[in-house]
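Enquirer: Have a look at this one before I ask anything.
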Amino acid sequence: MERLDADATKVTVTIERSATGAVDKVMTADDGEGITPEGCTTAFEKIDGSWKKHSHTTVGGRPLHGRAGQGRLRAFALGAFIRWTTVAKGIDGLRKTTVTAHNASRNDFPIGDSTPTDEPTGTLVEAWGRQSVVLDRLTADRARSLLTTEFAPYLARYPKVEIVFDGEKIDPTAVIQKQSEERVEFEHDGAMETAVVRIIEWDIAGGT
């Protein structure tokens, strides 16, 4: 879920199903900073072209989830056709840019002309054109449990961040077994300081 690296406060994963219940399309939308037209050129021109290789935190100071610059390739696991529609504030105001891809040419990411817009910043990623038993596992309860286990520490640390998966908000408290707080005193620059340490015991088995 690399969209959290764009300082998004809400990420929504929507799963569209066919008449038989198979996964037809997967969409991920966020309200983050988006990608400027110039940023699209840098981000999609080569596989390891991610800015994250030179940083450990987001602009807002959160720890990064992905740093290899391969998130766009992983999107092919969700569909044969991929489309990124992103809105970002550039030097000349808000601009919308669309990037497309097809699994027949995984290193080719045509970038459309950016256009002015009054839409809020953020990015929508759409993946479709692939149906498989593996992809259908996204609709199983286990998928939600694994996602909850994966992001519970992050969501507990940043309570204003929200992840909605297939219509249901991910709740980090679902995998918290026990939590407490302890005050710790320590010396810093010759002065005594006090910090509050939050101790959380995770029910990892709940996500397996």
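Identifiers in the structure tokens: chain A, B, ... in order shown; residue index from 1 per chain; ligand index from 1 in order shown.
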Within region 116-161 of chain A, find each residue whose DSSP state, derived from the backbone, is strand (DSSP E or B), and express the selection as number ranges by chain.

Expert: A: 116, 122-128

Enquirer: Might you pull out every residue within 8 Å of Glu33 (chain A), with only C-alpha atoms counted and same-chain residues fewer than 5 positions away left off, and present them as a PyMOL selection string?

Expert: chain A and resi 6-8+87-89+121-122

Enquirer: Any chance you can output those residues with C-alpha atoms as a short mmCIF file (atom, residue, chain, number, x, y, z; two decimals), in the first residue's frame?

Expert:
```
data_model
loop_
_atom_site.label_atom_id
_atom_site.label_comp_id
_atom_site.auth_asym_id
_atom_site.auth_seq_id
_atom_site.Cartn_x
_atom_site.Cartn_y
_atom_site.Cartn_z
CA ALA A 6 2.14 10.07 -0.53
CA ASP A 7 1.00 11.28 2.91
CA ALA A 8 -2.57 10.15 2.26
CA VAL A 87 -3.86 15.06 -9.42
CA ALA A 88 -1.04 17.10 -7.92
CA LYS A 89 -0.19 20.73 -7.30
CA THR A 121 -5.05 15.98 -5.00
CA GLY A 122 -4.74 12.23 -4.91
#
```

Enquirer: With distances taken over only C-alpha atoms, which residue among A:Leu135, A:Ile82, A:Met192, A:Ile35 lies nearest Arg95 (chain A)?

Expert: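 The closest residue to Arg95 (chain A) is A:Ile35.
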
Enquirer: Tell me which protein, DNA and RNA residues are within 7 Å of Val196 (chain A), counting only C-alpha atoms, leaving out same-chain ones fewer than 5 positions away, and put them as a list in words.

Expert: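 Using only C-alpha atoms, the neighbours found are Glu181, Glu182, Arg183 and Val184 of chain A.
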
Enquirer: Could the residues in this selection be written to a file with N, CA and C atoms, as a JSON list (two decimals), in the first residue's frame?

Expert:
```
[["chain", "number", "residue", "atom", "x", "y", "z"],
["A", 181, "GLU", "N", 0.82, 1.75, 29.02],
["A", 181, "GLU", "CA", 1.77, 2.85, 28.90],
["A", 181, "GLU", "C", 2.65, 2.92, 30.13],
["A", 182, "GLU", "N", 3.91, 3.24, 29.91],
["A", 182, "GLU", "CA", 4.85, 3.38, 31.01],
["A", 182, "GLU", "C", 5.65, 4.67, 30.84],
["A", 183, "ARG", "N", 5.89, 5.35, 31.94],
["A", 183, "ARG", "CA", 6.69, 6.57, 31.94],
["A", 183, "ARG", "C", 8.16, 6.20, 32.14],
["A", 184, "VAL", "N", 9.00, 6.72, 31.30],
["A", 184, "VAL", "CA", 10.42, 6.40, 31.35],
["A", 184, "VAL", "C", 11.21, 7.70, 31.50]]
```

Enquirer: Please report the interatomic distance between CA of Ser114 (chain A) and CA of Gly39 (chain A) in Å with one decimal.

Expert: 11.6 Å

Enquirer: Which polymer residues have any atom within 8 Å of an atom of Ser132 (chain A), counting only C-alpha atoms, with same-chain residues fewer than 4 positions away left out, as a PDB file with all heavy atoms, in the first residue's frame?

Expert:
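After the write, around_6.pdb holds the following:
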```pdb
ATOM      1  N   ALA A  22     -16.476 -13.399  -9.530  1.00  0.00           N
ATOM      2  CA  ALA A  22     -15.033 -13.297  -9.743  1.00  0.00           C
ATOM      3  C   ALA A  22     -14.612 -11.835  -9.712  1.00  0.00           C
ATOM      4  O   ALA A  22     -15.399 -10.935 -10.009  1.00  0.00           O
ATOM      5  CB  ALA A  22     -14.648 -13.916 -11.085  1.00  0.00           C
ATOM      6  N   VAL A  23     -13.351 -11.595  -9.347  1.00  0.00           N
ATOM      7  CA  VAL A  23     -12.828 -10.233  -9.295  1.00  0.00           C
ATOM      8  C   VAL A  23     -12.618  -9.724 -10.720  1.00  0.00           C
ATOM      9  O   VAL A  23     -11.850 -10.294 -11.491  1.00  0.00           O
ATOM     10  CB  VAL A  23     -11.508 -10.178  -8.506  1.00  0.00           C
ATOM     11  CG1 VAL A  23     -10.899  -8.781  -8.590  1.00  0.00           C
ATOM     12  CG2 VAL A  23     -11.757 -10.551  -7.049  1.00  0.00           C
ATOM     13  N   ASP A 136      -9.102 -13.882  -6.912  1.00  0.00           N
ATOM     14  CA  ASP A 136     -10.372 -13.992  -6.188  1.00  0.00           C
ATOM     15  C   ASP A 136     -10.179 -14.125  -4.685  1.00  0.00           C
ATOM     16  O   ASP A 136     -11.109 -13.897  -3.905  1.00  0.00           O
ATOM     17  CB  ASP A 136     -11.169 -15.194  -6.705  1.00  0.00           C
ATOM     18  CG  ASP A 136     -11.680 -14.984  -8.127  1.00  0.00           C
ATOM     19  OD1 ASP A 136     -11.711 -13.821  -8.570  1.00  0.00           O
ATOM     20  OD2 ASP A 136     -12.022 -15.982  -8.788  1.00  0.00           O
TER      21      ASP A 136
END
```

Enquirer: Find the spatial neighbours of Ile176 (chain A), counting only C-alpha atoms, within a cut-off of 9 Å - ignore same-chain residues fewer than 5 positions away - and output them as a list of chain:residue names.

Expert: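 Neighbouring residues, sequence-local ones excluded: A:Ala152, A:Ile200, A:Glu201, A:Trp202, A:Asp203, A:Ile204.
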
Enquirer: Give me the residues near Thr98 (chain A) as a ChimeraX atom specification, where near means some atom within 6 Å (using only C-alpha atoms) and where sequence neighbours in that chain fewer than 5 positions away do not count.

Expert: /A:84-85,112

Enquirer: With only C-alpha atoms as the basis for distance, which of A:Gly190, A:Gly79, A:Pro110, A:Gly167 is at the shortest distance from Ile15 (chain A)?

Expert: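 Between A:Gly190, A:Gly79, A:Pro110, A:Gly167, the residue approaching Ile15 (chain A) most closely is A:Gly167.
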
Enquirer: Please run DSSP on the backbone and report, as a ChimeraX atom specification, all residues within region 14-205 of chain A that come out as alpha helix (DSSP H).

Expert: /A:37-45,71-74,133-136,141-157

Enquirer: Could you please determine the separation between CA of Phe186 (chain A) and CA of Ala156 (chain A) in Å, to one decimal place?

Expert: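 Between these atoms lies a distance of 24.9 Å.
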
Enquirer: Calculated over only C-alpha atoms, which of the candidates A:Glu16, A:Asp24, A:Asp108, A:Asp171 has the smallest distance to Glu150 (chain A)?

Expert: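 Of all the options, A:Asp171 lies closest to Glu150 (chain A).
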
Enquirer: Considering only C-alpha atoms, return as a list in words whatever protein or nucleic-acid residues lie within 12 Å of Leu73 (chain A), sequence-local ones (same chain, fewer than 5 positions apart) excluded.

Expert: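 Listing them by chain and then by number gives Ala43, Phe44, Lys46, Ile47, Asp48, Ala68, Leu78, Gly79, Ala80, Phe81, Ile82, Ala101, His102, Asn103, Ser105, Arg106, Asn107, Asp108, Phe109 and Ala127 of chain A.
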